>>> print(open('upload.txt').read())   # compact mmCIF, C-alpha atoms
# COMPACT_ATOMS: atom_id res chain seq x y z
CA MET L 1 -11.83 -19.38 -54.79
CA LYS L 2 -12.46 -15.68 -54.94
CA GLU L 3 -14.56 -15.83 -51.82
CA MET L 4 -11.86 -17.70 -49.95
CA GLN L 5 -9.33 -15.09 -50.84
CA ARG L 6 -11.60 -12.31 -49.68
CA ASP L 7 -12.06 -14.12 -46.41
CA ARG L 8 -8.33 -14.45 -45.94
CA ILE L 9 -7.68 -10.79 -46.60
CA SER L 10 -10.35 -9.64 -44.23
CA ARG L 11 -8.92 -11.76 -41.48
CA ARG L 12 -5.47 -10.39 -42.11
CA GLN L 13 -6.84 -6.90 -42.02
CA PHE L 14 -8.66 -7.68 -38.82
CA ILE L 15 -5.46 -8.76 -37.13
CA LYS L 16 -3.62 -5.76 -38.49
CA THR L 17 -6.16 -3.26 -37.22
CA THR L 18 -6.58 -4.86 -33.82
CA SER L 19 -2.84 -5.09 -33.22
CA ALA L 20 -2.49 -1.44 -34.25
CA ALA L 21 -5.28 -0.48 -31.87
CA CYS L 22 -3.67 -2.51 -29.17
CA ALA L 23 -0.34 -0.80 -29.68
CA ALA L 24 -2.05 2.58 -29.66
CA LEU L 25 -3.78 1.70 -26.42
CA LEU L 26 -0.49 0.69 -24.86
CA MET L 27 1.13 3.93 -25.97
CA THR L 28 -1.60 6.13 -24.60
CA GLY L 29 -1.80 4.00 -21.51
CA THR L 30 1.82 4.25 -20.53
CA LEU L 31 3.54 7.16 -22.24
CA PRO L 32 1.64 10.23 -21.04
CA LEU L 33 1.66 9.06 -17.43
CA PRO L 34 5.07 10.39 -16.35
CA HIS L 35 4.02 13.80 -17.65
CA HIS L 36 0.88 13.71 -15.53
CA GLY L 37 2.92 12.83 -12.51
CA ALA L 38 5.45 15.56 -13.10
CA SER L 39 2.86 18.30 -13.21
CA ALA L 40 0.22 16.77 -11.03
CA ALA L 41 -1.00 18.77 -8.11
CA THR L 42 -2.51 16.99 -5.17
CA GLY L 43 -4.22 18.39 -2.15
CA LYS L 44 -2.46 18.94 1.12
CA ASP L 45 -0.77 15.80 2.27
CA GLY L 46 0.10 17.26 5.60
CA LYS L 47 3.72 17.81 4.68
CA GLY L 48 3.30 20.99 2.68
CA ALA L 49 4.13 19.35 -0.64
CA ASP L 50 1.52 19.98 -3.30
CA VAL L 51 3.45 18.96 -6.39
CA ILE L 52 4.41 15.39 -7.02
CA GLU L 53 7.75 14.80 -8.57
CA ILE L 54 8.94 11.50 -9.88
CA LYS L 55 11.32 10.37 -7.22
CA ASN L 56 14.19 8.01 -7.63
CA ILE L 57 14.14 5.02 -5.30
CA LYS L 58 17.81 5.53 -4.38
CA GLU L 59 17.18 9.12 -3.31
CA VAL L 60 14.16 8.07 -1.29
CA LEU L 61 16.10 5.34 0.49
CA ARG L 62 18.95 7.76 1.20
CA LYS L 63 16.50 10.31 2.56
CA HIS L 64 15.03 7.79 4.98
CA PHE L 65 18.10 5.82 5.98
CA GLY L 66 21.12 7.97 5.11
CA ASP L 67 24.16 5.88 4.30
CA ARG L 68 23.22 3.01 6.59
CA LYS L 69 23.45 -0.44 5.04
CA ILE L 70 20.30 -2.50 4.68
CA GLU L 71 21.05 -6.13 5.40
CA MET L 72 18.99 -8.56 3.37
CA ALA L 73 18.05 -10.86 6.24
CA HIS L 74 15.43 -11.53 8.90
CA VAL L 75 12.68 -9.81 6.90
CA LYS L 76 10.44 -11.71 4.53
CA LEU L 77 8.28 -10.01 1.95
CA LYS L 78 5.31 -11.91 0.54
CA VAL L 79 3.86 -10.54 -2.69
CA PRO L 80 2.13 -12.08 -5.70
CA ILE L 81 4.47 -12.89 -8.61
CA ILE L 82 1.87 -11.53 -11.00
CA ALA L 83 -0.65 -8.91 -9.94
CA GLU L 84 -3.64 -8.82 -12.26
CA ASN L 85 -4.83 -5.53 -10.85
CA GLY L 86 -2.19 -2.96 -10.00
CA ALA L 87 -4.69 -1.05 -7.87
CA VAL L 88 -4.84 -3.83 -5.30
CA VAL L 89 -1.59 -5.68 -4.63
CA PRO L 90 -1.51 -7.52 -1.30
CA VAL L 91 1.78 -7.20 0.53
CA THR L 92 2.77 -9.04 3.70
CA VAL L 93 5.92 -8.32 5.65
CA THR L 94 7.00 -10.81 8.30
CA SER L 95 10.18 -11.07 10.30
CA ASP L 96 11.83 -13.18 12.96
CA LEU L 97 13.27 -10.11 14.66
CA PRO L 98 12.68 -9.79 18.40
CA MET L 99 9.96 -7.60 19.88
CA GLU L 100 11.39 -7.25 23.39
CA LYS L 101 11.50 -4.16 25.54
CA ASP L 102 15.11 -3.29 24.72
CA SER L 103 15.36 -4.75 21.24
CA TYR L 104 12.47 -4.36 18.85
CA VAL L 105 11.48 -3.34 15.34
CA LYS L 106 10.75 0.36 15.53
CA ARG L 107 9.39 0.81 12.06
CA ILE L 108 8.53 -1.14 8.92
CA TYR L 109 8.65 0.65 5.57
CA ILE L 110 7.21 -0.40 2.21
CA PHE L 111 8.57 1.01 -1.06
CA VAL L 112 7.70 0.44 -4.72
CA ASP L 113 10.47 1.37 -7.17
CA GLY L 114 8.17 2.06 -10.11
CA ASN L 115 5.71 4.46 -8.49
CA PHE L 116 5.95 8.25 -8.77
CA ASN L 117 6.49 8.36 -5.07
CA PRO L 118 8.23 5.12 -4.07
CA TYR L 119 7.33 5.63 -0.42
CA ILE L 120 4.05 3.75 0.10
CA ALA L 121 3.55 3.32 3.79
CA SER L 122 5.30 2.80 7.07
CA ALA L 123 4.25 1.55 10.46
CA GLU L 124 5.74 2.54 13.78
CA LEU L 125 5.64 -0.51 15.99
CA SER L 126 6.27 -1.09 19.67
CA PRO L 127 7.03 -4.13 21.82
CA ALA L 128 3.29 -4.28 22.58
CA ASN L 129 2.79 -5.64 19.06
CA GLY L 130 4.46 -8.87 20.09
CA LYS L 131 5.38 -9.67 16.51
CA ALA L 132 6.91 -7.57 13.75
CA SER L 133 4.59 -8.33 10.91
CA LEU L 134 2.21 -6.39 8.74
CA SER L 135 -0.20 -6.87 5.84
CA ILE L 136 -1.50 -4.14 3.60
CA ARG L 137 -2.85 -3.70 0.05
CA ILE L 138 -1.05 -1.22 -2.16
CA LYS L 139 -1.26 0.37 -5.61
CA MET L 140 1.40 -0.31 -8.24
CA ARG L 141 1.69 1.70 -11.44
CA GLN L 142 3.80 -0.81 -13.34
CA THR L 143 5.89 -3.95 -13.07
CA SER L 144 8.67 -3.22 -10.61
CA ASN L 145 10.38 -4.15 -7.37
CA VAL L 146 8.73 -3.96 -3.99
CA ARG L 147 10.95 -3.38 -0.97
CA ALA L 148 10.34 -3.85 2.72
CA VAL L 149 12.70 -2.38 5.28
CA ALA L 150 12.57 -2.98 9.03
CA GLU L 151 14.34 -0.51 11.27
CA MET L 152 15.41 -1.70 14.72
CA ASN L 153 15.35 0.57 17.75
CA ASP L 154 19.17 0.65 17.68
CA GLY L 155 19.21 1.76 14.04
CA ARG L 156 20.04 -1.52 12.35
CA LEU L 157 18.23 -2.07 9.07
CA TYR L 158 16.97 -5.31 7.57
CA GLY L 159 15.16 -5.68 4.29
CA ASP L 160 13.80 -7.81 1.51
CA ILE L 161 13.10 -7.15 -2.14
CA LYS L 162 10.71 -8.89 -4.56
CA SER L 163 9.63 -8.24 -8.11
CA VAL L 164 5.93 -7.99 -8.98
CA LYS L 165 4.61 -8.18 -12.52
CA VAL L 166 1.61 -5.92 -13.02
CA THR L 167 -0.63 -6.91 -15.90
CA ILE L 168 -3.34 -4.26 -15.86
CA GLY L 169 -4.40 -2.97 -19.27
CA GLY L 170 -6.22 -4.25 -22.33
CA CYS L 171 -3.54 -6.31 -24.01
CA GLY L 172 -2.42 -8.29 -21.01
CA GLY L 173 0.88 -6.33 -20.78
CA MET V 1 -17.79 -2.76 -2.02
CA PRO V 2 -20.87 -2.16 0.12
CA GLY V 3 -21.10 0.52 2.75
CA LYS V 4 -20.31 4.20 2.78
CA ILE V 5 -17.10 6.03 3.48
CA GLY V 6 -15.91 5.54 7.02
CA THR V 7 -17.54 2.14 7.55
CA ILE V 8 -15.17 0.15 9.70
CA LYS V 9 -14.77 -3.52 10.46
CA ILE V 10 -12.30 -4.79 13.02
CA ARG V 11 -11.77 -8.51 13.46
CA ILE V 12 -9.97 -10.19 16.34
CA PRO V 13 -9.96 -13.87 17.35
CA ARG V 14 -13.06 -14.94 19.28
CA VAL V 15 -11.10 -16.57 22.08
CA VAL V 16 -8.20 -14.56 23.45
CA LYS V 17 -5.86 -15.63 26.23
CA LYS V 18 -3.48 -13.53 28.26
CA GLY V 19 -0.01 -13.66 26.74
CA ASP V 20 -1.27 -14.45 23.25
CA VAL V 21 -0.04 -12.57 20.22
CA ILE V 22 -3.20 -12.10 18.19
CA PRO V 23 -3.71 -10.86 14.64
CA VAL V 24 -5.91 -7.79 14.31
CA LYS V 25 -7.59 -7.10 10.97
CA ALA V 26 -9.03 -3.67 10.30
CA LEU V 27 -10.92 -2.57 7.20
CA ILE V 28 -12.23 0.89 6.41
CA ILE V 29 -14.30 1.98 3.42
CA HIS V 30 -12.44 4.90 1.88
CA PRO V 31 -11.79 5.94 -1.76
CA MET V 32 -8.04 6.65 -1.23
CA GLU V 33 -8.16 9.09 -4.17
CA THR V 34 -4.64 9.88 -5.38
CA GLY V 35 -5.28 13.28 -6.90
CA LEU V 36 -3.78 12.05 -10.19
CA ARG V 37 -6.94 10.64 -11.74
CA LYS V 38 -9.20 12.59 -14.05
CA ASP V 39 -12.97 12.46 -14.28
CA LYS V 40 -13.77 10.55 -17.47
CA ASN V 41 -16.67 12.82 -18.44
CA THR V 42 -15.52 16.30 -17.48
CA GLY V 43 -11.76 15.82 -17.79
CA GLU V 44 -11.26 17.52 -14.47
CA ARG V 45 -8.81 16.24 -11.96
CA ILE V 46 -10.34 14.37 -9.03
CA PRO V 47 -8.93 15.98 -5.89
CA ALA V 48 -6.83 13.88 -3.55
CA HIS V 49 -8.66 12.27 -0.67
CA TYR V 50 -6.75 9.65 1.22
CA ILE V 51 -5.98 8.45 4.71
CA ASN V 52 -2.52 9.50 5.84
CA GLU V 53 -2.46 8.42 9.45
CA VAL V 54 -3.77 5.45 11.40
CA THR V 55 -3.20 5.14 15.12
CA VAL V 56 -3.85 2.13 17.32
CA PHE V 57 -4.37 2.47 21.06
CA TYR V 58 -4.53 -0.48 23.46
CA GLY V 59 -5.89 0.96 26.67
CA ASP V 60 -4.03 4.26 26.90
CA THR V 61 -0.85 3.17 25.14
CA LEU V 62 -0.11 3.96 21.54
CA VAL V 63 0.79 0.58 20.09
CA THR V 64 1.16 1.28 16.38
CA ARG V 65 1.07 4.30 14.14
CA PHE V 66 0.79 4.00 10.38
CA ASP V 67 1.96 6.72 8.03
CA TRP V 68 0.43 6.29 4.58
CA SER V 69 0.82 7.83 1.16
CA PHE V 70 -1.99 7.75 -1.40
CA ALA V 71 -0.52 4.56 -2.86
CA VAL V 72 -2.37 2.44 -0.34
CA SER V 73 -5.31 0.73 -2.08
CA ALA V 74 -8.90 1.91 -1.79
CA ASN V 75 -10.78 0.44 1.17
CA PRO V 76 -7.56 -0.23 3.06
CA LEU V 77 -7.31 -3.51 4.93
CA ILE V 78 -4.50 -3.86 7.42
CA THR V 79 -3.36 -6.76 9.53
CA PHE V 80 -1.01 -6.33 12.44
CA HIS V 81 -0.31 -8.15 15.68
CA LEU V 82 -1.00 -7.34 19.29
CA LYS V 83 0.33 -8.89 22.48
CA VAL V 84 -2.58 -9.37 24.87
CA ASP V 85 -1.57 -8.57 28.46
CA LYS V 86 -4.67 -6.90 29.87
CA ALA V 87 -8.40 -6.44 29.43
CA ALA V 88 -8.64 -3.11 27.67
CA PRO V 89 -10.30 -1.45 24.70
CA LEU V 90 -8.48 -1.49 21.39
CA ARG V 91 -9.13 1.80 19.62
CA ILE V 92 -8.18 2.42 16.00
CA ILE V 93 -8.36 5.92 14.51
CA TRP V 94 -8.06 6.76 10.81
CA LYS V 95 -7.38 10.35 9.69
CA ASP V 96 -7.55 11.56 6.09
CA ASN V 97 -6.04 14.56 4.32
CA ARG V 98 -9.36 16.43 4.32
CA GLY V 99 -9.76 16.35 8.07
CA GLY V 100 -11.97 13.27 8.19
CA VAL V 101 -11.59 11.24 11.36
CA TYR V 102 -13.02 7.74 11.66
CA GLU V 103 -12.63 5.51 14.67
CA LYS V 104 -13.81 2.31 16.21
CA THR V 105 -13.19 0.54 19.49
CA VAL V 106 -13.34 -3.17 20.26
CA GLN V 107 -13.02 -4.71 23.69
CA ILE V 108 -10.26 -7.21 24.32
CA LYS V 109 -11.22 -9.53 27.13
CA PRO V 110 -8.68 -12.26 27.76
CA ASP V 111 -10.07 -15.34 29.55
>>> encode(input="upload.txt", output="structure tokens")
Amino acid sequence: MKEMQRDRISRRQFIKTTSAACAALLMTGTLPLPHHGASAATGKDGKGADVIEIKNIKEVLRKHFGDRKIEMAHVKLKVPIIAENGAVVPVTVTSDLPMEKDSYVKRIYIFVDGNFNPYIASAELSPANGKASLSIRIKMRQTSNVRAVAEMNDGRLYGDIKSVKVTIGGCGG
Amino acid sequence: MPGKIGTIKIRIPRVVKKGDVIPVKALIIHPMETGLRKDKNTGERIPAHYINEVTVFYGDTLVTRFDWSFAVSANPLITFHLKVDKAAPLRIIWKDNRGGVYEKTVQIKPD
């Protein structure tokens, strides 16, 4: 009887300590990050900026597209629903937009709302591509939305948005 | 991932016909270091080292130009499309923020 009780207590303690450790891991894993980003200095990125600020997705979109409306059509974004490794998230952007000489997709942008710098990559295309589509693997810091925007040569914007759950970290997030 | 920095693989379909729109896959071995990570032993920040520009030439024409931030994954793999209208070399050039330039050319020979 006494032995059984001891066993029970030790198991309870085990769960208690592991859950505490888990919580501590989560805290250290997520909380100090924004601070790092705010004061982080990177090398030259070719644009003169050497300090990374946490940028708001709305500001970034406004900076790139001004007040133009992004129509949620013609562009399809393919992403995993759950990404086990945030360091490698495959992203595919496809569209049924024309790639003719006088009407083509000039540029495709990829944004991630939850990253320090939501701007991930862009590709300037030309009619010689024949098809406005693109695959790339990107890094995601946390669960958030991924956006793809296609800009036509006449300035029209089309986009798509998808949510990706990122489960990197010890406790399965 | 085997290979050293700057190792490139470009894959195009084996049989290409004039007028086809073909997928082009291009992989380069590169750390894509963000500049945010710290060395686990010394605690020092690992300096940023990432590709910020990729250009694709088909013959003499610039077909596609990629503009990347450091949030592109290590060993970047890209897939894009190309409309085949001539026999010409396809040249892809990667440039990183430390002045590294890596390039590779494949021949496109439509039947």
>>> interface_residues(input="upload.txt", of="chain V", to="chain L", cutoff="10 Å", atoms="all atoms listed in the file", output="number ranges by chain")
V: 19-25, 33-37, 45-56, 58, 61-85, 96-98
>>> closest_residue(input="upload.txt", among="V:Ile92, V:Gly6, V:Pro110, V:Lys86", to="Met32 of chain V", atoms="all atoms listed in the file")
V:Gly6
>>> residues_near_point(input="upload.txt", point="(10.0, -12.9, -2.3)", cutoff="7 Å", atoms="only C-alpha atoms", output="PDB file with C-alpha atoms, in the frame of the given file")
ATOM      1  CA  LYS L  76      10.440 -11.710   4.530  1.00  0.00           C
ATOM      2  CA  LEU L  77       8.280 -10.010   1.950  1.00  0.00           C
ATOM      3  CA  LYS L  78       5.310 -11.910   0.540  1.00  0.00           C
ATOM      4  CA  VAL L  79       3.860 -10.540  -2.690  1.00  0.00           C
ATOM      5  CA  ILE L 161      13.100  -7.150  -2.140  1.00  0.00           C
ATOM      6  CA  LYS L 162      10.710  -8.890  -4.560  1.00  0.00           C
TER       7      LYS L 162
END
>>> atom_distance(input="upload.txt", atom1="atom CA of Ala26 of chain V", atom2="atom CA of Asn153 of chain L")
25.8 Å
>>> atom_distance(input="upload.txt", atom1="atom CA of Asp111 of chain V", atom2="atom CA of Lys17 of chain V")
5.4 Å
>>> build_atoms(input="upload.txt", residues="segment 66-100 of chain V", atoms="N, CA and C atoms", output="short mmCIF file (atom, residue, chain, number, x, y, z; two decimals), in the coordinates of the input")
data_model
loop_
_atom_site.label_atom_id
_atom_site.label_comp_id
_atom_site.auth_asym_id
_atom_site.auth_seq_id
_atom_site.Cartn_x
_atom_site.Cartn_y
_atom_site.Cartn_z
N PHE V 66 0.51 4.16 11.80
CA PHE V 66 0.79 4.00 10.38
C PHE V 66 0.88 5.37 9.71
N ASP V 67 1.82 5.49 8.81
CA ASP V 67 1.96 6.72 8.03
C ASP V 67 1.83 6.33 6.56
N TRP V 68 0.73 6.76 5.93
CA TRP V 68 0.43 6.29 4.58
C TRP V 68 0.57 7.38 3.53
N SER V 69 0.93 6.95 2.32
CA SER V 69 0.82 7.83 1.16
C SER V 69 -0.46 7.42 0.44
N PHE V 70 -0.76 8.09 -0.67
CA PHE V 70 -1.99 7.75 -1.40
C PHE V 70 -1.87 6.42 -2.15
N ALA V 71 -0.71 5.81 -2.12
CA ALA V 71 -0.52 4.56 -2.86
C ALA V 71 -1.01 3.34 -2.10
N VAL V 72 -1.70 3.56 -1.00
CA VAL V 72 -2.37 2.44 -0.34
C VAL V 72 -3.72 2.26 -1.05
N SER V 73 -4.11 1.02 -1.29
CA SER V 73 -5.31 0.73 -2.08
C SER V 73 -6.58 1.29 -1.45
N ALA V 74 -7.59 1.49 -2.28
CA ALA V 74 -8.90 1.91 -1.79
C ALA V 74 -9.43 0.86 -0.82
N ASN V 75 -10.26 1.30 0.12
CA ASN V 75 -10.78 0.44 1.17
C ASN V 75 -9.66 -0.33 1.86
N PRO V 76 -8.77 0.41 2.51
CA PRO V 76 -7.56 -0.23 3.06
C PRO V 76 -7.87 -1.28 4.12
N LEU V 77 -7.22 -2.41 3.95
CA LEU V 77 -7.31 -3.51 4.93
C LEU V 77 -5.91 -3.70 5.49
N ILE V 78 -5.80 -3.64 6.81
CA ILE V 78 -4.50 -3.86 7.42
C ILE V 78 -4.58 -5.02 8.40
N THR V 79 -3.48 -5.73 8.51
CA THR V 79 -3.36 -6.76 9.53
C THR V 79 -2.08 -6.49 10.31
N PHE V 80 -2.19 -6.47 11.61
CA PHE V 80 -1.01 -6.33 12.44
C PHE V 80 -1.22 -7.21 13.67
N HIS V 81 -0.20 -7.28 14.51
CA HIS V 81 -0.31 -8.15 15.68
C HIS V 81 -0.32 -7.36 16.97
N LEU V 82 -0.88 -7.99 17.99
CA LEU V 82 -1.00 -7.34 19.29
C LEU V 82 -0.75 -8.37 20.37
N LYS V 83 0.07 -7.99 21.36
CA LYS V 83 0.33 -8.89 22.48
C LYS V 83 -0.69 -8.57 23.57
N VAL V 84 -1.50 -9.57 23.89
CA VAL V 84 -2.58 -9.37 24.87
C VAL V 84 -2.01 -9.53 26.27
N ASP V 85 -2.03 -8.45 27.07
CA ASP V 85 -1.57 -8.57 28.46
C ASP V 85 -2.56 -7.97 29.45
N LYS V 86 -3.68 -7.48 28.94
CA LYS V 86 -4.67 -6.90 29.87
C LYS V 86 -6.03 -6.85 29.17
N ALA V 87 -7.07 -6.69 29.99
CA ALA V 87 -8.40 -6.44 29.43
C ALA V 87 -8.52 -4.95 29.22
N ALA V 88 -8.60 -4.54 27.96
CA ALA V 88 -8.64 -3.11 27.67
C ALA V 88 -9.26 -2.90 26.30
N PRO V 89 -9.77 -1.70 26.04
CA PRO V 89 -10.30 -1.45 24.70
C PRO V 89 -9.18 -1.23 23.69
N LEU V 90 -9.41 -1.72 22.50
CA LEU V 90 -8.48 -1.49 21.39
C LEU V 90 -9.16 -0.46 20.48
N ARG V 91 -8.51 0.70 20.34
CA ARG V 91 -9.13 1.80 19.62
C ARG V 91 -8.28 2.11 18.39
N ILE V 92 -8.90 2.11 17.23
CA ILE V 92 -8.18 2.42 16.00
C ILE V 92 -8.78 3.68 15.40
N ILE V 93 -7.91 4.64 15.04
CA ILE V 93 -8.36 5.92 14.51
C ILE V 93 -7.70 6.17 13.16
N TRP V 94 -8.55 6.44 12.16
CA TRP V 94 -8.06 6.76 10.81
C TRP V 94 -8.25 8.27 10.58
N LYS V 95 -7.24 8.92 10.02
CA LYS V 95 -7.38 10.35 9.69
C LYS V 95 -7.04 10.55 8.22
N ASP V 96 -7.87 11.32 7.50
CA ASP V 96 -7.55 11.56 6.09
C ASP V 96 -7.10 13.00 5.85
N ASN V 97 -6.65 13.27 4.63
CA ASN V 97 -6.04 14.56 4.32
C ASN V 97 -7.07 15.70 4.24
N ARG V 98 -8.37 15.38 4.32
CA ARG V 98 -9.36 16.43 4.32
C ARG V 98 -9.96 16.65 5.71
N GLY V 99 -9.30 16.12 6.71
CA GLY V 99 -9.76 16.35 8.07
C GLY V 99 -10.77 15.33 8.56
N GLY V 100 -11.04 14.32 7.76
CA GLY V 100 -11.97 13.27 8.19
C GLY V 100 -11.33 12.40 9.26
#
